[in-house]
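Raw contents of entry19.cif, mmCIF, C-alpha atoms:
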```cif
data_protein
loop_
_atom_site.label_atom_id
_atom_site.label_comp_id
_atom_site.auth_asym_id
_atom_site.auth_seq_id
_atom_site.Cartn_x
_atom_site.Cartn_y
_atom_site.Cartn_z
CA MET E 8 -19.81 31.28 21.36
CA VAL E 9 -18.22 33.99 19.28
CA ARG E 10 -14.92 32.13 19.35
CA VAL E 11 -16.61 28.87 18.30
CA SER E 12 -18.39 30.64 15.44
CA PHE E 13 -15.11 32.08 14.27
CA VAL E 14 -13.51 28.64 14.32
CA VAL E 15 -16.48 27.21 12.39
CA ILE E 16 -16.25 29.83 9.70
CA LEU E 17 -12.47 29.61 9.47
CA TYR E 18 -12.57 25.85 9.18
CA CYS E 19 -15.28 25.90 6.56
CA VAL E 20 -13.49 28.50 4.50
CA CYS E 21 -10.41 26.31 4.51
CA VAL E 22 -12.33 23.17 3.61
CA LEU E 23 -14.80 24.55 1.12
CA THR E 24 -12.57 26.82 -0.93
CA PRO E 25 -12.99 25.68 -4.54
CA SER E 26 -10.01 23.92 -5.99
CA THR E 27 -8.33 25.05 -9.15
CA ALA E 28 -6.97 21.60 -9.82
CA GLN E 29 -9.45 19.27 -11.37
CA ASN E 30 -9.56 15.59 -12.19
CA GLY E 31 -6.76 14.48 -14.47
CA SER E 32 -5.20 17.87 -14.98
CA VAL E 33 -2.94 17.60 -11.97
CA ALA E 34 0.73 17.40 -12.76
CA PRO E 35 2.37 14.25 -11.43
CA SER E 36 4.86 16.32 -9.50
CA GLN E 37 2.17 17.77 -7.28
CA GLY E 38 1.45 16.08 -4.00
CA THR E 39 -0.73 18.00 -1.60
CA SER E 40 -3.95 17.49 0.27
CA ARG E 41 -6.45 20.31 0.57
CA MET E 42 -8.11 19.09 3.72
CA SER E 43 -5.16 18.14 5.79
CA GLU E 44 -1.46 17.78 6.16
CA VAL E 45 -0.10 14.57 4.78
CA ILE E 46 2.63 12.53 6.40
CA ASP E 47 5.07 11.57 3.66
CA GLY E 48 6.50 8.18 4.52
CA SER E 49 9.46 8.71 2.20
CA VAL E 50 10.55 11.59 4.43
CA HIS E 51 9.22 10.54 7.83
CA PRO E 52 8.48 6.81 7.85
CA GLU E 53 8.61 6.87 11.64
CA LEU E 54 5.44 9.00 11.67
CA ILE E 55 3.37 6.41 9.80
CA PRO E 56 1.54 4.44 12.50
CA ASP E 57 2.12 0.69 12.44
CA ALA E 58 -1.63 -0.02 12.35
CA THR E 59 -2.00 2.13 9.23
CA ALA E 60 1.02 0.58 7.55
CA TYR E 61 -0.19 -2.98 8.18
CA ARG E 62 -3.68 -2.08 6.95
CA LEU E 63 -2.41 -0.62 3.70
CA TRP E 64 -0.07 -3.53 3.13
CA PHE E 65 -2.83 -6.04 3.90
CA ILE E 66 -5.15 -4.31 1.42
CA ALA E 67 -2.55 -4.36 -1.36
CA SER E 68 -1.34 -7.89 -0.66
CA SER E 69 -4.62 -9.72 -0.09
CA GLU E 70 -6.85 -11.52 -2.55
CA PHE E 71 -10.30 -13.01 -2.23
CA PRO E 72 -10.55 -16.78 -1.59
CA ASN E 73 -11.59 -17.38 -5.21
CA ALA E 74 -8.60 -15.52 -6.66
CA THR E 75 -7.72 -16.22 -10.28
CA PRO E 76 -4.31 -17.70 -11.12
CA ALA E 77 -3.18 -14.25 -12.26
CA GLU E 78 -4.27 -12.72 -8.96
CA GLN E 79 -2.50 -15.48 -7.08
CA MET E 80 0.69 -14.76 -9.02
CA ARG E 81 0.48 -11.09 -8.12
CA GLN E 82 -0.08 -11.93 -4.48
CA LYS E 83 2.83 -14.35 -4.50
CA ALA E 84 5.03 -11.57 -5.87
CA HIS E 85 3.96 -9.16 -3.13
CA LEU E 86 4.41 -11.74 -0.38
CA GLY E 87 7.62 -13.03 -1.90
CA ARG E 88 9.06 -9.55 -1.87
CA ALA E 89 8.60 -9.60 1.89
CA GLY E 90 10.90 -12.59 1.89
CA LEU E 91 8.38 -15.28 2.78
CA SER E 92 9.07 -18.89 1.87
CA ASP E 93 6.57 -20.77 -0.28
CA THR E 94 5.16 -22.45 2.81
CA ASP E 95 4.69 -19.15 4.59
CA ILE E 96 3.19 -17.58 1.46
CA GLN E 97 0.53 -20.27 1.35
CA ALA E 98 -0.23 -19.81 5.03
CA ALA E 99 -0.34 -16.03 4.76
CA ALA E 100 -2.60 -16.14 1.70
CA GLY E 101 -5.31 -17.87 3.72
CA VAL E 102 -5.18 -15.33 6.51
CA LEU E 103 -5.13 -12.44 4.05
CA ALA E 104 -8.12 -13.86 2.17
CA SER E 105 -10.06 -13.77 5.41
CA PHE E 106 -8.91 -10.17 5.91
CA LYS E 107 -10.04 -9.26 2.40
CA VAL E 108 -13.51 -10.69 2.92
CA GLN E 109 -14.00 -9.13 6.35
CA TYR E 110 -12.61 -5.75 5.30
CA SER E 111 -14.93 -5.63 2.30
CA GLN E 112 -17.90 -6.59 4.45
CA LEU E 113 -16.97 -4.01 7.07
CA ILE E 114 -16.91 -1.23 4.48
CA ALA E 115 -20.05 -2.43 2.70
CA HIS E 116 -22.09 -2.63 5.90
CA TYR E 117 -20.89 0.81 6.99
CA ASN E 118 -21.61 2.45 3.64
CA GLU E 119 -25.06 0.88 3.50
CA SER E 120 -25.99 1.88 7.05
CA ASP E 121 -28.14 4.90 7.74
CA THR E 122 -26.35 5.96 10.90
CA LYS E 123 -22.73 5.94 9.64
CA ASP E 124 -20.97 5.45 12.96
CA LEU E 125 -17.44 6.24 11.79
CA GLY E 126 -15.99 5.75 15.25
CA ALA E 127 -17.31 2.21 15.36
CA LEU E 128 -16.02 1.53 11.87
CA ILE E 129 -12.52 2.71 12.75
CA HIS E 130 -12.61 0.67 15.95
CA ASN E 131 -13.65 -2.45 14.04
CA ARG E 132 -11.13 -1.73 11.27
CA GLU E 133 -8.26 -1.46 13.71
CA GLY E 134 -9.49 -4.60 15.46
CA LEU E 135 -9.48 -6.49 12.18
CA VAL E 136 -5.95 -5.35 11.36
CA GLN E 137 -4.71 -6.44 14.78
CA ALA E 138 -6.55 -9.76 14.53
CA THR E 139 -4.97 -10.36 11.13
CA ARG E 140 -1.52 -9.66 12.55
CA ASP E 141 -2.26 -12.07 15.39
CA SER E 142 -3.44 -14.76 12.97
CA LEU E 143 -0.32 -14.36 10.83
CA ARG E 144 1.80 -14.74 13.94
CA VAL E 145 0.08 -18.06 14.62
CA VAL E 146 0.32 -19.59 11.15
CA LEU E 147 3.70 -18.27 10.00
CA THR E 148 7.12 -19.36 11.08
CA PRO E 149 8.80 -16.92 13.47
CA GLU E 150 11.21 -16.04 10.67
CA GLY E 151 8.31 -15.39 8.29
CA MET E 152 6.54 -13.13 10.75
CA ALA E 153 9.76 -11.26 11.45
CA LYS E 154 10.21 -10.71 7.72
CA ILE E 155 6.69 -9.31 7.37
CA ASP E 156 7.26 -7.00 10.32
CA ALA E 157 10.50 -5.71 8.81
CA HIS E 158 8.97 -5.43 5.34
CA VAL E 159 5.99 -3.39 6.52
CA GLN E 160 8.38 -0.99 8.25
CA ARG E 161 10.30 -0.56 4.98
CA GLU E 162 7.09 -0.12 3.00
CA LYS E 163 6.21 2.95 5.04
CA ARG E 164 8.47 4.82 2.61
CA LEU E 165 5.85 4.25 -0.09
CA MET E 166 2.91 5.44 2.03
CA LYS E 167 1.29 8.81 2.56
CA VAL E 168 -1.22 9.37 5.32
CA ALA E 169 -3.45 12.34 6.14
CA LYS E 170 -2.80 13.30 9.73
CA GLU E 171 -6.49 12.89 10.46
CA GLY E 172 -6.47 9.47 8.88
CA GLN E 173 -4.04 7.71 11.16
CA MET A 30 -23.94 27.77 -1.25
CA LYS A 31 -25.40 30.28 1.18
CA PRO A 32 -23.41 31.08 4.34
CA ARG A 33 -26.05 29.61 6.66
CA ARG A 34 -26.06 26.35 4.72
CA VAL A 35 -22.28 26.23 4.79
CA TYR A 36 -22.39 26.81 8.52
CA ILE A 37 -24.84 23.97 9.08
CA ALA A 38 -23.01 21.64 6.72
CA CYS A 39 -19.77 22.21 8.58
CA LEU A 40 -21.15 21.69 12.08
CA PRO A 41 -20.58 17.92 12.13
CA ILE A 42 -17.03 18.48 10.94
CA LEU A 43 -16.38 21.02 13.65
CA LEU A 44 -17.89 18.89 16.40
CA LEU A 45 -15.74 15.94 15.40
CA ALA A 46 -12.68 18.13 15.11
CA LEU A 47 -13.25 19.70 18.52
CA SER A 48 -13.78 16.27 20.07
CA GLY A 49 -10.11 15.60 19.50
CA LYS A 50 -10.72 12.30 17.75
CA SER A 51 -8.59 11.68 14.69
CA MET A 52 -10.84 9.50 12.60
CA ALA A 53 -11.49 10.78 9.11
CA GLY A 54 -8.84 11.04 6.44
CA TYR A 55 -7.33 9.21 3.54
CA SER A 56 -4.15 7.21 3.07
CA SER A 57 -2.29 6.12 -0.03
CA TYR A 58 0.26 3.44 -0.80
CA VAL A 59 2.06 1.86 -3.71
CA ASN A 60 3.12 -1.78 -3.51
CA ILE A 61 5.51 -2.78 -6.30
CA SER A 62 7.00 -6.26 -6.47
CA PRO A 63 8.91 -8.51 -8.86
CA GLY A 64 7.43 -11.90 -9.63
CA ALA A 65 8.07 -15.01 -11.62
CA ASN A 66 9.22 -14.72 -15.25
CA ASN A 67 10.46 -11.16 -14.70
CA MET A 68 6.99 -9.81 -14.13
CA ILE A 69 6.61 -6.58 -12.16
CA TYR A 70 3.37 -5.93 -10.29
CA SER A 71 2.20 -2.57 -9.00
CA THR A 72 -0.79 -1.80 -6.81
CA ALA A 73 -1.62 1.85 -6.04
CA LEU A 74 -4.44 2.52 -3.63
CA VAL A 75 -6.32 5.14 -1.66
CA ASP A 76 -8.20 4.21 1.49
CA GLY A 77 -10.23 6.13 4.05
CA SER A 78 -13.15 8.45 4.57
CA ALA A 79 -14.03 12.07 5.31
CA TYR A 80 -16.38 13.96 7.56
CA PRO A 81 -19.98 14.46 6.43
CA MET A 82 -20.67 17.45 4.24
CA ALA A 83 -24.20 18.13 3.07
CA GLY A 84 -24.63 17.83 -0.68
CA ALA A 85 -21.06 16.75 -1.33
CA CYS A 86 -19.87 13.67 -3.16
CA HIS A 87 -16.40 12.13 -3.14
CA THR A 88 -14.83 10.25 -6.03
CA PRO A 89 -11.60 8.23 -5.73
CA LYS A 90 -9.21 8.39 -8.66
CA VAL A 91 -5.91 6.57 -8.91
CA TYR A 92 -3.36 7.03 -11.68
CA ASN A 93 -0.96 4.14 -12.09
CA VAL A 94 1.40 3.93 -15.04
CA LEU A 95 4.06 1.24 -14.99
CA ASN A 96 6.49 1.15 -17.88
CA GLY A 97 4.13 3.22 -20.00
CA THR A 98 1.07 1.04 -19.45
CA GLY A 99 -1.94 1.90 -17.33
CA GLY A 100 -3.60 5.22 -16.61
CA TRP A 101 -6.42 6.61 -14.53
CA ALA A 102 -9.00 4.46 -12.77
CA SER A 103 -11.97 5.98 -11.01
CA GLY A 104 -14.51 4.78 -8.50
CA GLY A 105 -18.08 5.90 -8.03
CA CYS A 106 -19.16 9.13 -6.40
CA ALA A 107 -20.38 8.68 -2.84
CA PRO A 108 -21.11 10.82 0.23
CA PRO A 109 -17.89 11.96 1.97
CA GLN A 110 -18.64 9.96 5.09
CA ASN A 111 -18.70 6.76 3.06
CA TYR A 112 -15.57 4.67 3.32
CA ILE A 113 -13.46 4.43 0.17
CA SER A 114 -10.97 1.68 -0.58
CA PHE A 115 -9.92 1.90 -4.20
CA GLN A 116 -7.03 0.30 -6.09
CA ASN A 117 -5.45 0.55 -9.53
CA MET A 118 -3.28 -2.47 -10.35
CA GLN A 119 -0.82 -2.73 -13.23
CA GLN A 120 1.78 -5.21 -14.35
CA THR A 121 4.52 -5.40 -16.93
CA HIS A 122 7.13 -7.81 -18.15
CA GLY A 123 10.53 -6.53 -17.15
CA THR A 124 13.94 -7.06 -18.65
CA PRO A 125 16.86 -7.39 -16.25
CA GLY A 126 19.09 -4.34 -16.34
CA VAL A 127 16.40 -2.02 -17.65
CA ALA A 128 15.08 0.69 -15.34
CA TYR A 129 11.34 1.23 -15.19
CA THR A 130 9.32 3.99 -13.64
CA ASN A 131 6.05 3.60 -11.80
CA ASN A 132 4.23 6.92 -11.62
CA THR A 133 1.16 7.10 -9.42
CA ILE A 134 -1.29 9.74 -8.22
CA GLU A 135 -3.91 9.00 -5.57
CA GLN A 136 -6.80 11.42 -5.36
CA VAL A 137 -10.17 11.97 -3.79
CA ILE A 138 -12.19 14.67 -5.52
CA CYS A 139 -15.03 16.42 -3.75
CA THR A 140 -17.87 18.01 -5.69
CA ILE A 141 -17.77 20.96 -3.28
CA ALA A 142 -14.17 21.26 -2.11
CA GLY A 143 -12.51 20.10 -5.31
CA LEU A 144 -9.24 18.23 -4.93
CA PHE A 145 -9.64 16.90 -1.42
CA PHE A 146 -6.79 14.41 -1.17
CA ASN A 147 -3.93 14.31 -3.62
CA THR A 148 -0.69 12.40 -3.29
CA THR A 149 1.99 11.42 -5.73
CA ILE A 150 4.18 8.36 -5.22
CA ASN A 151 6.76 7.65 -7.88
CA VAL A 152 8.92 4.56 -7.82
CA SER A 153 11.85 3.52 -9.97
CA ILE A 154 12.42 -0.18 -10.30
CA SER A 155 14.82 -2.39 -12.18
CA LEU A 156 15.50 -6.10 -12.12
CA ARG A 157 19.02 -7.33 -11.46
CA VAL A 158 20.23 -10.88 -11.71
CA SER A 159 22.91 -12.62 -9.73
CA TYR A 160 23.93 -16.27 -9.72
CA TRP A 161 25.03 -18.05 -6.59
CA GLY A 162 26.82 -21.32 -6.08
CA PRO A 163 28.75 -23.56 -3.66
CA PRO A 164 29.42 -23.99 -0.90
CA VAL A 165 25.80 -24.65 0.01
CA THR A 166 24.86 -24.78 3.67
CA ILE A 167 21.62 -25.31 5.52
CA GLN A 168 20.64 -23.46 8.66
CA ASN A 169 17.17 -23.70 10.21
CA ASP A 170 15.81 -25.29 7.01
CA LEU A 171 17.11 -22.39 4.93
CA CYS A 172 19.55 -22.88 2.06
CA TYR A 173 22.52 -20.52 1.81
CA TRP A 174 24.98 -20.21 -1.07
CA GLY A 175 28.45 -19.14 -0.21
CA SER A 176 29.73 -17.56 -3.41
CA LEU A 177 28.59 -15.50 -6.34
CA ALA A 178 28.66 -17.51 -9.58
CA CYS A 179 28.79 -14.78 -12.22
CA THR A 180 30.17 -15.66 -15.62
CA PRO A 181 33.45 -13.89 -16.43
CA GLY A 182 33.08 -10.27 -17.38
CA THR A 183 29.80 -9.76 -15.54
CA THR A 184 29.27 -8.13 -12.16
CA ALA A 185 26.35 -8.40 -9.78
CA THR A 186 24.65 -5.24 -8.58
CA CYS A 187 22.90 -6.88 -5.63
CA THR A 188 25.29 -9.04 -3.66
CA ARG A 189 23.61 -9.41 -0.31
CA GLY A 190 23.44 -12.99 0.91
CA PHE A 191 20.09 -14.63 1.60
CA GLY A 192 18.57 -17.79 2.96
CA ILE A 193 15.58 -19.49 1.42
CA THR A 194 13.73 -22.77 1.69
CA PHE A 195 13.99 -25.21 -1.18
CA ALA A 196 12.29 -28.58 -1.64
CA PRO A 197 13.29 -31.33 -1.76
CA ALA A 198 16.90 -30.18 -1.44
CA CYS A 199 19.11 -27.13 -1.89
CA PRO A 200 20.38 -26.91 -5.49
CA GLN A 201 24.06 -26.23 -6.11
CA TYR A 202 23.35 -23.12 -8.15
CA VAL A 203 20.53 -20.60 -8.09
CA LYS A 204 19.54 -17.59 -10.12
CA ALA A 205 18.40 -14.69 -7.95
CA THR A 206 16.35 -11.90 -9.51
CA TRP A 207 16.42 -8.80 -7.39
CA ALA A 208 14.28 -5.74 -7.60
CA VAL A 209 16.10 -2.48 -7.13
CA VAL A 210 13.46 -0.11 -5.82
CA ASN A 211 14.37 3.59 -5.68
CA GLY A 212 18.03 2.66 -5.83
CA SER A 213 18.04 0.00 -3.13
CA CYS A 214 18.14 -3.74 -3.65
CA ILE A 215 15.18 -5.31 -1.88
CA PRO A 216 16.33 -7.63 0.91
CA VAL A 217 15.08 -10.88 -0.62
CA PRO A 218 15.27 -11.83 -4.32
CA TYR A 219 13.09 -14.11 -6.37
CA VAL A 220 15.11 -17.33 -6.50
CA GLU A 221 15.01 -20.24 -8.91
CA GLU A 222 17.25 -23.21 -9.53
CA ALA A 223 20.08 -22.81 -12.05
CA THR A 224 22.30 -25.33 -13.77
CA GLY A 225 25.51 -23.40 -13.15
CA PRO A 226 27.06 -19.95 -13.19
CA GLY A 227 25.36 -17.29 -15.31
CA PRO A 228 25.56 -13.66 -16.36
CA CYS A 229 25.10 -11.20 -13.53
CA ASP A 230 24.10 -7.58 -13.90
#
```
Can I see the file as structure tokens?
Amino acid sequence: MVRVSFVVILYCVCVLTPSTAQNGSVAPSQGTSRMSEVIDGSVHPELIPDATAYRLWFIASSEFPNATPAEQMRQKAHLGRAGLSDTDIQAAAGVLASFKVQYSQLIAHYNESDTKDLGALIHNREGLVQATRDSLRVVLTPEGMAKIDAHVQREKRLMKVAKEGQ
Amino acid sequence: MKPRRVYIACLPILLLALSGKSMAGYSSYVNISPGANNMIYSTALVDGSAYPMAGACHTPKVYNVLNGTGGWASGGCAPPQNYISFQNMQQTHGTPGVAYTNNTIEQVICTIAGLFFNTTINVSISLRVSYWGPPVTIQNDLCYWGSLACTPGTTATCTRGFGITFAPACPQYVKATWAVVNGSCIPVPYVEEATGPGPCD
């Protein structure tokens, strides 16, 4: 019990120490996380889990079904950078719209719930990411899916992930 | 905060930590892409959640400045165990040959712990143009151009070959606009039909 108490106190001291850096005063060159170690994808892309990388890319590349023309142009740029053909971009946009809606609903329901079952949320989140990958594999050409797979691996260099957040 | 309250507030964190489950935590990412008409789009985001902490509130903040435009965007303050997914999107009109910087900071600020998650992802991007011409071949419905078609005195930076679908038929010449991200040409350019050779850079 003494050992557990020591761990509790040590952990809380680490987590609750007031920060000297506040809001917008942080210099752009800084890049640390108080709570946890961060995996820097520019240094160790191999340590960024695939599920995390796909999730982040889906979030950034998806638009709601009622996207404005400007939003559609942005999405086309993101998907085009992956190397998708126009046909594959159209097919992917539909799948990603479904992801966007479901992801938003997942988060909204969780945040509104009284119980906050984070384990269930993570389970459902990972399930949605995998289902989206599976759906893309169905609607895209094999070449298109291969390009997305390769692109997401490259994009890991622009990702940073808290070790707890994998 | 009194020690006993701190102790109680941290218990859920400790129990989750001791359970060995890696669940809470934040992630950040910057997606930067070239589009039609030399547009450059950047999306910087932070996504994730934290363990419960009594009385605390977490605010996502994302700084995204692309070619001097943009700035900070902030979400609402919510309990740490709430899930945050927050983006700051910017765009600019690029000029081929000009280098642009995309500076981003992704943060989650806790009312108790202060700066809770803080990452910086900086990207340099420039647009480069290359023209391609005959011979044109088709493989698996993809058009390929066999030679660079740069006007005399110009040199292409990105020279990697590519295949792309075109309807109704493959044109004889195309203009390929590449993004050079952090010094590397992205594998696939933005391609449009051209009437003939053109200036490469």
Here is a test: counting only C-alpha atoms, which residue of E:Val136, E:Ala127, E:Val102, E:Leu147 is nearest to chain A? E:Ala127
Restricting to all atoms listed in the file, whichever of A:Cys187, A:Ala142, A:Val210, A:Val127 is closest to chain E is A:Ala142
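Distance-wise, CA of Asn132 in chain A and CA of Gln82 in chain E end up 20.6 Å apart.
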Do me a favour and pick out the residues of chain A within 6 Å of chain E, using only C-alpha atoms, as a VMD selection string. chain A and resid 51 to 59 62 to 64 111 142 to 149 217
Evaluated on this file, the PyMOL selection byres ((chain E and resi 146) around 8) picks out some residues - which ones are they, written as a list in words? Asp95, Ala98, Ala99, Ser142, Leu143, Arg144, Val145, Leu147 and Thr148 of chain E
So which one's closest to Asn169 in chain A, E:Gln97, E:His51, E:Phe65, E:Pro149? Using only C-alpha atoms, please. E:Pro149
Can you tell me, as a PyMOL selection string, what residues are no more than 8 Å from Thr183 in chain A when counting only C-alpha atoms, ignoring any on the same chain fewer than 4 positions away? chain A and resi 179+228-230
Contacts of Trp207 in chain A at 10 Å (only C-alpha atoms; same-chain gap of 6+ positions) as a PyMOL selection string: (chain E and resi 88) or (chain A and resi 62-64+67+125+154-159+186-188+213-220)
Quick check on the file I pasted: which residues fall under the PyMOL selection byres ((chain A and resi 163) around 9)? Write them as number ranges by chain. A: 161-162, 164-166, 173-178, 201-202
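Proximity ranking of E:Ala74, E:Val108, E:Ala58, E:Leu135 relative to Asp156 in chain E places E:Ala58 first, based on all atoms listed in the file.
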Might you pull out every residue within 9 Å of Pro72 in chain E, with all atoms listed in the file counted and same-chain residues fewer than 4 positions away left off, and present them as a short mmCIF file (atom, residue, chain, number, x, y, z; two decimals) with C-alpha atoms, in the frame of the given file?
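Below you can see out.cif, which holds the result:
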```cif
data_model
loop_
_atom_site.label_atom_id
_atom_site.label_comp_id
_atom_site.auth_asym_id
_atom_site.auth_seq_id
_atom_site.Cartn_x
_atom_site.Cartn_y
_atom_site.Cartn_z
CA ALA E 100 -2.60 -16.14 1.70
CA GLY E 101 -5.31 -17.87 3.72
CA LEU E 103 -5.13 -12.44 4.05
CA ALA E 104 -8.12 -13.86 2.17
CA SER E 105 -10.06 -13.77 5.41
CA LYS E 107 -10.04 -9.26 2.40
CA VAL E 108 -13.51 -10.69 2.92
#
```
Expanded to explicit residues, what is the PyMOL selection byres ((chain A and resi 112) around 6) for this file, as a short mmCIF file (atom, residue, chain, number, x, y, z; two decimals) with C-alpha atoms, in the frame of the given file?
```cif
data_model
loop_
_atom_site.label_atom_id
_atom_site.label_comp_id
_atom_site.auth_asym_id
_atom_site.auth_seq_id
_atom_site.Cartn_x
_atom_site.Cartn_y
_atom_site.Cartn_z
CA GLY A 77 -10.23 6.13 4.05
CA SER A 78 -13.15 8.45 4.57
CA ASN A 111 -18.70 6.76 3.06
CA ILE A 113 -13.46 4.43 0.17
#
```
Excluding Asn117 in chain A and any residue of its chain fewer than 3 positions from it, enumerate the residues within 10 Å of it, using only C-alpha atoms, and give them as an NGL selection string. (:E and (67)) or (:A and (59 or 71-75 or 90-94 or 99-103 or 133 or 135))
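Picture a line from CA of His122 in chain A to CA of Val209 in chain A; it runs 15.2 Å.
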Straight-line distance linking CA of Ala153 in chain E with CA of Gly190 in chain A, stated in Å to one decimal: 17.4 Å
Just want the 7 Å neighbourhood of Thr121 in chain A, counted on only C-alpha atoms, with same-chain residues fewer than 2 positions away dropped. Output as an MDAnalysis selection string. chainID A and resid 68:70 95:96 123
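Minimum distance to Ile96 in chain E across E:Met152, E:Ala138, E:Ala157, E:Ala77 (counting all atoms listed in the file) occurs at E:Met152.
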Nearest to Thr224 in chain A, chosen from A:Gly192, A:Gly126, A:Tyr160, A:Gly182, with only C-alpha atoms counted in the distances: A:Tyr160
Edge lengths and centre in Å to one decimal, as JSON, is what I'm after for the box along x, y and z that holds all listed atoms of range 139-151 of chain E once 5 Å is added on each side.
```
{"center_x": 3.1, "center_y": -14.6, "center_z": 11.8, "size_x": 26.2, "size_y": 19.9, "size_z": 17.1}
```
